[in-house]
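Okay, work-v4.txt is below, compact mmCIF, C-alpha atoms:
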# COMPACT_ATOMS: atom_id res chain seq x y z
CA MET V 1 30.94 18.11 49.34
CA ASP V 2 34.00 16.00 50.11
CA ILE V 3 35.54 16.22 46.64
CA LEU V 4 38.09 13.43 47.09
CA HIS V 5 35.42 11.02 48.37
CA TYR V 6 33.10 12.02 45.51
CA MET V 7 35.77 11.44 42.85
CA GLN V 8 36.80 8.13 44.43
CA THR V 9 33.16 7.05 44.27
CA LEU V 10 32.98 7.96 40.58
CA GLY V 11 36.22 6.08 40.00
CA ARG V 12 35.05 2.96 41.82
CA GLN V 13 31.79 2.98 39.87
CA ALA V 14 33.62 3.50 36.57
CA ARG V 15 36.01 0.62 37.26
CA ALA V 16 33.12 -1.75 37.90
CA ALA V 17 31.27 -0.54 34.81
CA SER V 18 34.37 -0.87 32.62
CA ARG V 19 34.36 -4.64 33.01
CA LEU V 20 30.86 -4.74 31.55
CA THR V 21 31.49 -2.26 28.72
CA ALA V 22 34.60 -4.23 27.72
CA ALA V 23 32.44 -7.31 27.27
CA ALA V 24 29.49 -5.54 25.60
CA SER V 25 28.65 -6.54 22.05
CA THR V 26 28.92 -4.13 19.15
CA MET V 27 25.15 -4.26 18.72
CA VAL V 28 24.50 -3.25 22.33
CA LYS V 29 26.99 -0.36 22.18
CA ASN V 30 25.53 0.86 18.90
CA THR V 31 22.01 0.68 20.32
CA ALA V 32 23.08 2.90 23.21
CA LEU V 33 24.67 5.44 20.86
CA VAL V 34 21.64 5.62 18.57
CA ASP V 35 19.34 6.04 21.58
CA MET V 36 21.57 8.83 22.92
CA ALA V 37 21.25 10.62 19.58
CA ALA V 38 17.46 10.27 19.64
CA GLU V 39 17.34 11.62 23.21
CA ILE V 40 19.46 14.65 22.27
CA ARG V 41 17.03 15.47 19.48
CA ARG V 42 14.04 14.94 21.77
CA ARG V 43 15.50 17.23 24.45
CA ARG V 44 16.79 19.84 22.01
CA ASP V 45 14.83 22.74 23.50
CA ALA V 46 15.87 21.93 27.06
CA LEU V 47 19.48 21.62 25.94
CA LEU V 48 19.42 24.97 24.14
CA ALA V 49 17.82 26.62 27.20
CA ALA V 50 20.56 25.20 29.46
CA ASN V 51 23.20 26.41 27.03
CA THR V 52 21.67 29.91 26.99
CA ARG V 53 22.02 30.02 30.78
CA ASP V 54 25.69 28.99 30.49
CA VAL V 55 26.43 31.58 27.80
CA GLU V 56 24.73 34.39 29.73
CA ALA V 57 26.65 33.51 32.89
CA ALA V 58 29.92 33.31 30.94
CA ARG V 59 29.31 36.68 29.29
CA ALA V 60 28.55 38.24 32.68
CA ALA V 61 31.78 36.75 34.02
CA GLY V 62 33.75 38.45 31.23
CA LEU V 63 34.79 35.44 29.15
CA ASP V 64 36.32 36.45 25.83
CA GLY V 65 34.63 36.13 22.45
CA ALA V 66 36.54 33.01 21.41
CA MET V 67 35.49 31.18 24.56
CA LEU V 68 31.87 32.29 24.13
CA ASP V 69 31.94 31.06 20.55
CA ARG V 70 33.16 27.60 21.63
CA LEU V 71 30.58 27.48 24.40
CA THR V 72 27.54 28.40 22.31
CA LEU V 73 25.24 25.72 20.92
CA THR V 74 22.77 26.31 18.11
CA GLU V 75 20.04 24.08 16.68
CA LYS V 76 22.54 23.09 14.01
CA GLY V 77 25.11 22.28 16.69
CA VAL V 78 22.66 20.09 18.59
CA GLU V 79 21.84 18.19 15.41
CA ALA V 80 25.57 17.80 14.71
CA MET V 81 26.01 16.26 18.16
CA ALA V 82 23.25 13.75 17.51
CA ALA V 83 24.60 12.96 14.04
CA GLY V 84 28.07 12.49 15.52
CA LEU V 85 26.78 9.82 17.88
CA GLU V 86 25.19 8.01 14.95
CA GLN V 87 28.39 8.28 12.93
CA VAL V 88 30.39 6.64 15.73
CA ALA V 89 27.76 3.89 15.91
CA ALA V 90 28.37 3.25 12.20
CA LEU V 91 32.14 2.88 12.60
CA PRO V 92 33.79 -0.55 12.76
CA ASP V 93 34.26 -1.80 16.33
CA PRO V 94 37.97 -2.29 17.05
CA VAL V 95 37.43 -4.32 20.24
CA GLY V 96 38.29 -7.99 19.90
CA GLU V 97 39.97 -7.64 16.51
CA ILE V 98 42.85 -10.13 16.12
CA THR V 99 45.68 -9.14 13.79
CA ASP V 100 49.14 -10.38 12.76
CA LEU V 101 48.23 -14.01 13.49
CA ARG V 102 51.24 -16.14 12.58
CA ARG V 103 51.96 -19.85 13.00
CA ARG V 104 55.22 -20.60 14.80
CA PRO V 105 57.47 -23.65 14.26
CA SER V 106 56.13 -25.09 17.52
CA GLY V 107 52.63 -25.23 16.04
CA ILE V 108 51.08 -22.39 18.07
CA GLN V 109 49.54 -19.33 16.43
CA VAL V 110 50.57 -15.95 17.88
CA GLY V 111 48.73 -12.68 17.25
CA LYS V 112 47.45 -9.50 18.86
CA MET V 113 43.94 -8.69 20.06
CA ARG V 114 42.68 -5.12 20.42
CA VAL V 115 41.22 -4.42 23.88
CA PRO V 116 39.85 -1.35 25.74
CA LEU V 117 42.13 0.76 27.92
CA GLY V 118 39.67 0.55 30.84
CA VAL V 119 38.63 3.82 32.49
CA ILE V 120 39.38 7.09 30.71
CA GLY V 121 39.26 10.47 32.43
CA ILE V 122 38.66 13.39 30.08
CA ILE V 123 39.15 17.00 31.19
CA TYR V 124 38.05 19.73 28.81
CA GLU V 125 36.94 23.35 28.58
CA ALA V 126 34.08 25.26 27.01
CA ARG V 127 32.81 23.03 24.19
CA PRO V 128 29.77 21.10 25.47
CA ASN V 129 29.70 18.96 22.32
CA VAL V 130 32.86 17.26 23.64
CA THR V 131 30.66 15.60 26.25
CA ALA V 132 28.72 13.74 23.56
CA ASP V 133 31.78 13.06 21.38
CA ALA V 134 33.81 11.70 24.29
CA ALA V 135 30.95 9.56 25.54
CA ALA V 136 30.49 8.05 22.08
CA LEU V 137 34.15 7.27 21.44
CA CYS V 138 34.83 5.87 24.90
CA LEU V 139 31.75 3.65 24.86
CA LYS V 140 32.25 2.35 21.31
CA SER V 141 35.85 1.42 22.19
CA GLY V 142 34.61 -0.56 25.20
CA ASN V 143 35.80 1.84 27.90
CA ALA V 144 34.14 3.54 30.83
CA ALA V 145 34.67 7.30 31.12
CA ILE V 146 34.61 10.08 33.67
CA LEU V 147 34.06 13.43 31.94
CA ARG V 148 34.97 16.69 33.64
CA GLY V 149 33.81 19.63 31.50
CA GLY V 150 34.52 23.26 32.21
CA SER V 151 32.51 25.08 34.87
CA GLU V 152 31.30 27.53 32.21
CA ALA V 153 29.32 24.69 30.51
CA ILE V 154 27.92 22.98 33.61
CA ASP V 155 24.20 23.30 32.73
CA SER V 156 24.76 22.21 29.11
CA ASN V 157 26.83 19.23 30.22
CA ARG V 158 24.17 18.15 32.72
CA GLU V 159 21.57 18.08 29.96
CA ILE V 160 23.84 16.10 27.64
CA ALA V 161 24.69 13.73 30.50
CA ALA V 162 20.97 13.04 30.97
CA CYS V 163 20.75 12.06 27.28
CA VAL V 164 23.78 9.79 27.59
CA LEU V 165 22.30 8.12 30.67
CA ALA V 166 19.01 7.50 28.88
CA GLY V 167 20.88 5.76 26.04
CA LEU V 168 22.86 3.56 28.44
CA ARG V 169 19.71 2.49 30.24
CA ALA V 170 17.84 1.77 27.01
CA ALA V 171 20.64 -0.57 25.89
CA GLY V 172 20.94 -2.30 29.27
CA LEU V 173 24.45 -0.99 29.88
CA PRO V 174 25.61 0.12 33.36
CA GLU V 175 24.63 3.73 34.00
CA HIS V 176 28.08 4.42 35.47
CA ALA V 177 29.78 3.59 32.16
CA ILE V 178 29.78 7.31 31.31
CA GLN V 179 29.77 9.73 34.24
CA VAL V 180 29.86 13.51 34.01
CA VAL V 181 31.41 15.21 37.06
CA ASP V 182 28.58 17.22 38.60
CA THR V 183 30.58 19.90 40.38
CA THR V 184 32.41 23.03 39.30
CA ASP V 185 34.94 22.71 42.14
CA ARG V 186 38.40 22.75 40.56
CA ALA V 187 39.61 20.30 43.20
CA ALA V 188 37.78 17.62 41.21
CA VAL V 189 40.46 17.83 38.49
CA GLY V 190 43.26 17.43 41.02
CA ALA V 191 41.56 14.37 42.49
CA LEU V 192 40.77 12.76 39.14
CA ILE V 193 44.37 12.84 37.91
CA THR V 194 45.71 11.21 41.08
CA LEU V 195 43.55 8.06 41.18
CA PRO V 196 45.62 5.38 39.38
CA GLU V 197 43.67 2.65 41.13
CA PHE V 198 40.56 3.70 39.20
CA ILE V 199 41.73 5.70 36.15
CA ASP V 200 43.87 4.16 33.38
CA VAL V 201 44.52 7.25 31.26
CA ILE V 202 43.76 10.98 31.28
CA VAL V 203 42.98 12.97 28.13
CA PRO V 204 43.11 16.77 28.65
CA ARG V 205 41.55 19.08 26.06
CA GLY V 206 42.02 22.78 26.68
CA GLY V 207 44.54 25.56 26.96
CA LYS V 208 48.26 25.09 27.38
CA GLY V 209 48.09 26.04 31.06
CA LEU V 210 45.55 23.32 31.83
CA ILE V 211 47.51 20.65 29.97
CA GLU V 212 50.83 21.66 31.56
CA ARG V 213 49.26 21.44 35.00
CA ILE V 214 47.77 18.01 34.34
CA SER V 215 51.01 16.69 32.83
CA ARG V 216 52.93 17.96 35.85
CA GLU V 217 50.61 16.70 38.59
CA ALA V 218 49.05 13.53 37.15
CA ARG V 219 49.82 10.14 38.62
CA VAL V 220 48.02 8.55 35.68
CA PRO V 221 49.32 8.30 32.06
CA VAL V 222 48.32 11.35 30.00
CA ILE V 223 47.55 11.52 26.24
CA LYS V 224 48.28 15.15 25.41
CA HIS V 225 49.49 17.90 23.18
CA LEU V 226 50.56 21.22 24.67
CA ASP V 227 50.23 23.48 21.64
CA GLY V 228 50.05 23.54 17.88
CA ASN V 229 52.86 25.54 16.28
CA CYS V 230 52.21 24.13 12.81
CA HIS V 231 54.46 25.00 9.86
CA VAL V 232 54.04 25.28 6.11
CA TYR V 233 57.33 25.09 4.20
CA ILE V 234 57.41 26.36 0.59
CA ASP V 235 60.17 24.39 -1.08
CA ASP V 236 62.29 25.67 -3.97
CA ALA V 237 60.46 23.07 -6.10
CA ALA V 238 56.96 24.22 -5.07
CA ASP V 239 54.22 24.58 -7.67
CA PRO V 240 53.20 28.29 -7.52
CA ALA V 241 49.59 27.31 -8.26
CA LYS V 242 49.45 25.33 -5.00
CA VAL V 243 51.19 27.83 -2.73
CA VAL V 244 48.48 30.45 -2.15
CA PRO V 245 45.49 28.07 -1.74
CA ILE V 246 47.34 25.88 0.76
CA VAL V 247 48.76 28.74 2.85
CA GLU V 248 45.46 30.62 2.77
CA ASN V 249 43.51 27.60 3.99
CA ALA V 250 46.11 26.50 6.54
CA LYS V 251 46.24 29.95 8.15
CA THR V 252 42.94 31.72 7.57
CA GLN V 253 40.14 29.13 7.42
CA ARG V 254 39.99 29.17 11.25
CA TYR V 255 42.37 30.94 13.59
CA GLY V 256 41.57 29.24 16.90
CA THR V 257 42.35 25.61 16.10
CA CYS V 258 45.45 23.60 16.98
CA ASN V 259 46.01 22.55 13.34
CA THR V 260 46.09 26.12 12.01
CA ALA V 261 49.45 27.14 10.50
CA GLU V 262 51.34 29.54 12.76
CA SER V 263 54.70 29.60 10.94
CA LEU V 264 55.58 29.97 7.27
CA LEU V 265 59.01 28.99 5.95
CA ILE V 266 60.02 29.89 2.38
CA ALA V 267 63.04 28.68 0.43
CA ARG V 268 65.22 31.62 -0.58
CA ALA V 269 65.13 30.59 -4.25
CA VAL V 270 61.37 31.26 -4.50
CA ALA V 271 60.91 33.92 -1.82
CA GLU V 272 60.90 36.87 -4.25
CA ARG V 273 58.35 35.02 -6.39
CA ASP V 274 55.92 33.77 -3.73
CA LEU V 275 56.16 36.03 -0.69
CA PRO V 276 54.76 39.25 -2.27
CA ILE V 277 51.65 37.37 -3.45
CA LEU V 278 51.25 35.67 -0.08
CA GLY V 279 51.84 38.96 1.73
CA HIS V 280 49.01 40.70 -0.13
CA MET V 281 46.67 37.73 0.45
CA LEU V 282 47.43 37.60 4.18
CA ALA V 283 47.17 41.38 4.58
CA ALA V 284 43.81 41.37 2.81
CA LYS V 285 42.65 38.74 5.32
CA GLY V 286 43.79 40.94 8.22
CA VAL V 287 46.76 38.75 9.17
CA GLU V 288 49.78 40.36 10.84
CA MET V 289 53.10 39.02 9.52
CA ARG V 290 56.02 38.75 11.95
CA ALA V 291 58.96 38.32 9.62
CA ASP V 292 62.72 37.89 9.77
CA PRO V 293 64.79 40.74 8.22
CA GLU V 294 65.00 39.15 4.76
CA ALA V 295 61.26 38.44 4.57
CA LEU V 296 60.49 41.87 6.02
CA ALA V 297 62.44 43.55 3.23
CA ILE V 298 60.54 41.61 0.56
CA LEU V 299 57.19 42.49 2.16
CA GLU V 300 58.17 46.16 2.34
CA LYS V 301 59.27 46.18 -1.30
CA ALA V 302 55.93 44.55 -2.23
CA GLY V 303 54.05 47.46 -0.65
CA ILE V 304 52.56 45.60 2.33
CA ALA V 305 51.18 48.08 4.87
CA PRO V 306 53.60 48.76 7.75
CA GLU V 307 51.06 47.70 10.38
CA LYS V 308 50.83 44.25 8.77
CA ARG V 309 54.60 43.58 8.67
CA VAL V 310 56.43 43.44 11.99
CA ALA V 311 59.97 42.36 12.85
CA ALA V 312 59.91 38.86 14.33
CA ARG V 313 61.45 38.11 17.69
CA GLU V 314 63.01 34.79 18.74
CA THR V 315 59.86 33.94 20.70
CA ASP V 316 57.74 34.16 17.54
CA TRP V 317 59.29 30.99 16.13
CA ARG V 318 57.76 28.98 19.01
CA GLU V 319 54.40 30.75 19.26
CA GLU V 320 50.92 29.28 18.90
CA TYR V 321 49.01 32.49 18.17
CA LEU V 322 45.44 31.19 17.74
CA ALA V 323 44.91 34.57 16.10
CA PRO V 324 45.40 36.35 12.72
CA ILE V 325 49.18 36.42 13.15
CA ILE V 326 51.82 34.35 11.35
CA ALA V 327 55.61 34.09 11.72
CA ILE V 328 57.57 34.13 8.44
CA LYS V 329 61.18 33.10 7.86
CA ILE V 330 63.33 32.75 4.74
CA VAL V 331 65.44 29.57 4.80
CA THR V 332 68.23 28.37 2.52
CA GLY V 333 66.35 25.21 1.63
CA LEU V 334 65.07 21.86 2.86
CA ASP V 335 67.83 21.16 5.41
CA GLU V 336 67.30 24.45 7.23
CA ALA V 337 63.52 24.08 7.07
CA ILE V 338 63.62 20.63 8.69
CA ALA V 339 66.09 21.83 11.35
CA HIS V 340 63.93 24.87 12.12
CA ILE V 341 60.74 22.81 12.47
CA ASN V 342 62.39 20.20 14.69
CA THR V 343 63.87 22.98 16.86
CA TYR V 344 60.89 25.31 17.22
CA GLY V 345 57.85 23.21 16.33
CA SER V 346 55.45 21.53 18.73
CA ALA V 347 55.42 18.11 17.00
CA HIS V 348 51.80 18.60 15.94
CA THR V 349 51.43 19.07 12.15
CA ASP V 350 53.81 20.34 9.48
CA ALA V 351 53.48 20.53 5.68
CA ILE V 352 55.76 20.90 2.67
CA ILE V 353 54.73 22.29 -0.72
CA THR V 354 56.97 20.71 -3.36
CA GLU V 355 57.03 18.85 -6.66
CA ASN V 356 60.36 17.22 -5.78
CA HIS V 357 59.67 13.61 -4.71
CA GLY V 358 63.00 13.26 -2.92
CA HIS V 359 62.40 16.42 -0.92
CA ALA V 360 58.90 15.26 -0.04
CA MET V 361 60.14 11.87 1.20
CA ARG V 362 62.90 13.46 3.27
CA PHE V 363 60.39 15.85 4.83
CA LEU V 364 58.08 12.95 5.72
CA ARG V 365 60.91 10.93 7.25
CA GLU V 366 62.84 13.65 9.05
CA VAL V 367 60.21 16.06 10.43
CA ASP V 368 59.47 14.72 13.91
CA SER V 369 55.75 15.53 14.19
CA SER V 370 52.59 13.51 14.73
CA SER V 371 51.24 14.51 11.28
CA VAL V 372 53.45 15.38 8.30
CA MET V 373 51.94 16.43 4.97
CA VAL V 374 52.92 16.93 1.35
CA ASN V 375 51.03 19.50 -0.74
CA ALA V 376 48.07 19.73 1.65
CA SER V 377 46.75 22.13 4.29
CA THR V 378 47.61 21.50 7.93
CA ARG V 379 43.87 21.88 8.64
CA PHE V 380 43.43 18.25 7.54
CA ALA V 381 45.01 17.05 10.82
CA ASP V 382 41.71 15.95 12.28
CA GLY V 383 40.11 12.63 13.22
CA PHE V 384 37.13 13.09 10.91
CA GLU V 385 39.32 14.06 7.95
CA TYR V 386 41.57 11.04 8.61
CA GLY V 387 38.60 8.69 8.45
CA LEU V 388 38.49 8.00 12.19
CA GLY V 389 34.88 9.25 12.40
CA ALA V 390 35.77 11.54 15.29
CA GLU V 391 38.61 12.14 17.70
CA ILE V 392 39.06 12.43 21.43
CA GLY V 393 41.97 14.81 20.88
CA ILE V 394 45.40 15.12 19.26
CA SER V 395 48.43 13.41 20.76
CA THR V 396 51.99 14.62 20.24
CA ASP V 397 53.33 11.86 22.49
CA LYS V 398 55.37 9.06 20.92
CA ILE V 399 54.14 6.16 23.02
CA HIS V 400 50.77 4.43 22.42
CA ALA V 401 48.75 7.00 20.46
CA ARG V 402 50.10 9.74 18.18
CA GLY V 403 48.18 12.30 16.11
CA PRO V 404 44.36 12.33 16.09
CA VAL V 405 43.12 9.82 18.67
CA GLY V 406 40.03 7.92 17.55
CA LEU V 407 38.57 4.55 18.51
CA GLU V 408 41.79 2.62 17.91
CA GLY V 409 43.75 5.13 20.02
CA LEU V 410 41.43 4.40 22.96
CA THR V 411 42.38 0.74 22.86
CA SER V 412 45.53 -1.25 23.47
CA GLN V 413 46.68 -4.67 22.31
CA LYS V 414 47.42 -7.88 24.10
CA TRP V 415 49.16 -10.96 22.78
CA VAL V 416 46.99 -14.01 22.15
CA VAL V 417 48.18 -17.56 21.56
CA LEU V 418 46.05 -20.23 19.85
CA GLY V 419 47.16 -23.79 20.32
CA ASN V 420 46.07 -27.39 19.91
CA GLY V 421 47.76 -29.15 22.78
CA GLU V 422 51.28 -27.95 21.99
CA ILE V 423 53.88 -27.95 24.80
CA ARG V 424 57.25 -26.19 24.87
CA ARG V 425 60.22 -28.51 24.38
Let's see the structure in the file written out as structure tokens.
Amino acid sequence: MDILHYMQTLGRQARAASRLTAAASTMVKNTALVDMAAEIRRRRDALLAANTRDVEAARAAGLDGAMLDRLTLTEKGVEAMAAGLEQVAALPDPVGEITDLRRRPSGIQVGKMRVPLGVIGIIYEARPNVTADAAALCLKSGNAAILRGGSEAIDSNREIAACVLAGLRAAGLPEHAIQVVDTTDRAAVGALITLPEFIDVIVPRGGKGLIERISREARVPVIKHLDGNCHVYIDDAADPAKVVPIVENAKTQRYGTCNTAESLLIARAVAERDLPILGHMLAAKGVEMRADPEALAILEKAGIAPEKRVAARETDWREEYLAPIIAIKIVTGLDEAIAHINTYGSAHTDAIITENHGHAMRFLREVDSSSVMVNASTRFADGFEYGLGAEIGISTDKIHARGPVGLEGLTSQKWVVLGNGEIRR
């Protein structure tokens, strides 16, 4: 296969289809999504069989347990995919919405209309459910999409693509509106990210290495986040009753997600009070604590097992572990906490635990991250939890979309002017 020619063909087809999806009515798009969901349920057994083949091949190839977990579909997972398509169908359609309409002294009305981005290329690893989620969000927001899943999920993605195609056809939408790249050749990624004449934006979902490569080589705008070094800061005005539940959830609910807390900062005034309790909770959960000298001494005094308390290195302050490991540092107070987060954080999600309103407001204003929280777990940084229905990914960029990217993040705005014969004088 001539990969460049193949990807150019997909791009040309997507560009043509995007003009039709941009003009499609909400009813037509919703019909397609509901039909896709019905087709996924109808083909459940075939989809699970394809997924079994992918998992067996991945296991034979030596993929690690975390990757196998993300790759595996169950009956419950298939139903969740179908339900997700229906949930996106139920969301308000952002396309065509006019906002901020104001009448000017000249008599004209000026506002902004929300419009699709055009053609979105999505590159992702392992999770086959992303194929359905991405198809739903791109279509509902009036875009065409080219989806390049990981080679480890090729059979699963082909089955899901067949369901997506059936839904497009049933609604009378162009079948090239959503295309799944049907090759495992890695050259397809390199071609996709260098086709600005066909692709308007790239969304990478995967490991840091993949995203760094795409950011470095792309000739198309990229919506990205490289890693999730999320912080929880326990302020000197923190409510002790909130400290353990928030830290426990932020760190231990799931280890392999980008909104999991990787760093814990504690104000010196409450460190002796809170850290021993947190240390015992984290140790009981099997979490290794990489602590600065002051925190290490408190953990040792509290009787935390030596294998669970380790001296932190400078690199630990920047680390996204995606594992039962957390970095812990004692800080003088709010100023040092904010400075530390802005120096070592990844601009993803950071939280403060405090009852001091002024401290909370300063934290919200001064921490330079895409999501900033007061008295809540970092695990809430998610499109579904934010009421977006679903997300295409998390953006730590500052231009266009930031934070969880849902339907609105897959659109742009253009100025519209409504007049009644006015001329400029």
Worksheet item: Leaving out V:Asn420 and any residue of its chain fewer than 5 positions from it, which residues lie within 12 Å of it when counting only C-alpha atoms, given as a PyMOL selection string?
Response: chain V and resi 103+106-109
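Every protein, DNA or RNA residue with an atom at most 9 Å from V:Gly121, where all atoms listed in the file count and chain neighbours fewer than 2 positions away do not, is listed here: Val119, Ile123, Ala144, Ala145, Ile146, Leu147, Arg148, Leu192, Ile193, Ile199, Asp200, Val201, Ile202, Val203 and Pro204 of chain V.
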Write the residues you've just listed into a file as a PDB file, keeping the file's coordinate frame, and include C-alpha atoms for each of them.
ATOM      1  CA  VAL V 119      38.630   3.820  32.490  1.00  0.00           C
ATOM      2  CA  ILE V 123      39.150  17.000  31.190  1.00  0.00           C
ATOM      3  CA  ALA V 144      34.140   3.540  30.830  1.00  0.00           C
ATOM      4  CA  ALA V 145      34.670   7.300  31.120  1.00  0.00           C
ATOM      5  CA  ILE V 146      34.610  10.080  33.670  1.00  0.00           C
ATOM      6  CA  LEU V 147      34.060  13.430  31.940  1.00  0.00           C
ATOM      7  CA  ARG V 148      34.970  16.690  33.640  1.00  0.00           C
ATOM      8  CA  LEU V 192      40.770  12.760  39.140  1.00  0.00           C
ATOM      9  CA  ILE V 193      44.370  12.840  37.910  1.00  0.00           C
ATOM     10  CA  ILE V 199      41.730   5.700  36.150  1.00  0.00           C
ATOM     11  CA  ASP V 200      43.870   4.160  33.380  1.00  0.00           C
ATOM     12  CA  VAL V 201      44.520   7.250  31.260  1.00  0.00           C
ATOM     13  CA  ILE V 202      43.760  10.980  31.280  1.00  0.00           C
ATOM     14  CA  VAL V 203      42.980  12.970  28.130  1.00  0.00           C
ATOM     15  CA  PRO V 204      43.110  16.770  28.650  1.00  0.00           C
TER      16      PRO V 204
END
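Distance annotation: of V:Ile298, V:Tyr386, V:Glu152, V:Asp133, the residue with the minimal separation from V:Val164 is V:Asp133; atom set is all atoms listed in the file.
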Discussion item. I'd like the neighbourhood of V:Ala135 as a PyMOL selection string, where a residue qualifies if any of its atoms comes within 12 Å (using only C-alpha atoms), though same-chain residues fewer than 2 positions away should be ignored.
Written reply: chain V and resi 29+32-33+36-37+81-82+84-85+88-89+119-122+128-133+137-148+157+160-165+167-168+176-180+390-392+407+410
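In this model, the gap between atom CA of V:His348 and atom CA of V:Ala261 comes to 10.4 Å.
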Worksheet item: When distances are computed from all atoms listed in the file, which of V:Asp45, V:Glu300, V:Asp397, V:Glu56 shows the smallest separation from V:Ser215?
Response: V:Asp397
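With all atoms listed in the file as the atoms that count, the residue of V:Ile325, V:Ala188, V:Ala171, V:Val417 with the shortest distance to V:Asp35 is V:Ala171.
Restricting the calculation to all atoms listed in the file, the smallest distance between V:Gly389 and any of V:Gly403, V:Ala90, V:Thr349, V:Ala327 is found for V:Ala90.
Shortest atom-to-atom contact with V:Arg424 among V:Pro105, V:Gly303, V:Pro92, V:Gly393: V:Pro105, counting only C-alpha atoms.
Of the residues listed (V:Asp236, V:Glu314, V:Glu272, V:Glu248), V:Asp236 shows the shortest atom-to-atom separation from V:Thr332; distances use all atoms listed in the file.
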Fill in: Shell of 12 Å around V:Gly207, all atoms listed in the file, local chain residues under 6 positions omitted, as number ranges by chain
V: 67, 123-126, 150, 213-214, 224-228, 256-258, 320, 322
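Contact shell of V:Ala347 at 9 Å (all atoms listed in the file; same-chain neighbours under 3 positions omitted): V:His225, V:Asp227, V:Gly228, V:Asn229, V:Cys230, V:Ile341, V:Asn342, V:Asp350, V:Val367, V:Asp368, V:Ser369, V:Ser370, V:Ser371, V:Thr396, V:Asp397.
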Worksheet item: What is the distance between atom CA of V:Ala339 and atom CA of V:Glu366, in Å to one decimal?
Response: 9.1 Å
Could stretch 109-113 of chain V be completed with all heavy atoms and returned as a tab-separated table (two decimals), in the coordinates of the input?
chain	number	residue	atom	x	y	z
V	109	GLN	N	49.76	-20.56	17.19
V	109	GLN	CA	49.54	-19.33	16.43
V	109	GLN	C	49.61	-18.15	17.40
V	109	GLN	O	49.00	-18.20	18.48
V	109	GLN	CB	48.19	-19.35	15.74
V	109	GLN	CG	48.06	-20.39	14.65
V	109	GLN	CD	46.73	-20.29	13.94
V	109	GLN	OE1	46.53	-19.43	13.06
V	109	GLN	NE2	45.81	-21.15	14.31
V	110	VAL	N	50.36	-17.12	17.02
V	110	VAL	CA	50.57	-15.95	17.88
V	110	VAL	C	50.05	-14.71	17.15
V	110	VAL	O	50.36	-14.50	15.98
V	110	VAL	CB	52.06	-15.76	18.23
V	110	VAL	CG1	52.25	-14.54	19.12
V	110	VAL	CG2	52.61	-17.00	18.90
V	111	GLY	N	49.25	-13.92	17.84
V	111	GLY	CA	48.73	-12.68	17.25
V	111	GLY	C	48.46	-11.65	18.32
V	111	GLY	O	48.84	-11.82	19.49
V	112	LYS	N	47.79	-10.58	17.93
V	112	LYS	CA	47.45	-9.50	18.86
V	112	LYS	C	45.96	-9.22	18.80
V	112	LYS	O	45.38	-9.17	17.71
V	112	LYS	CB	48.23	-8.22	18.53
V	112	LYS	CG	49.72	-8.32	18.76
V	112	LYS	CD	50.42	-7.00	18.41
V	112	LYS	CE	51.91	-7.09	18.66
V	112	LYS	NZ	52.58	-5.81	18.32
V	113	MET	N	45.36	-9.03	19.96
V	113	MET	CA	43.94	-8.69	20.06
V	113	MET	C	43.80	-7.27	20.60
V	113	MET	O	44.47	-6.89	21.56
V	113	MET	CB	43.20	-9.65	20.99
V	113	MET	CG	41.74	-9.29	21.21
V	113	MET	SD	40.89	-10.40	22.36
V	113	MET	CE	40.63	-11.82	21.29
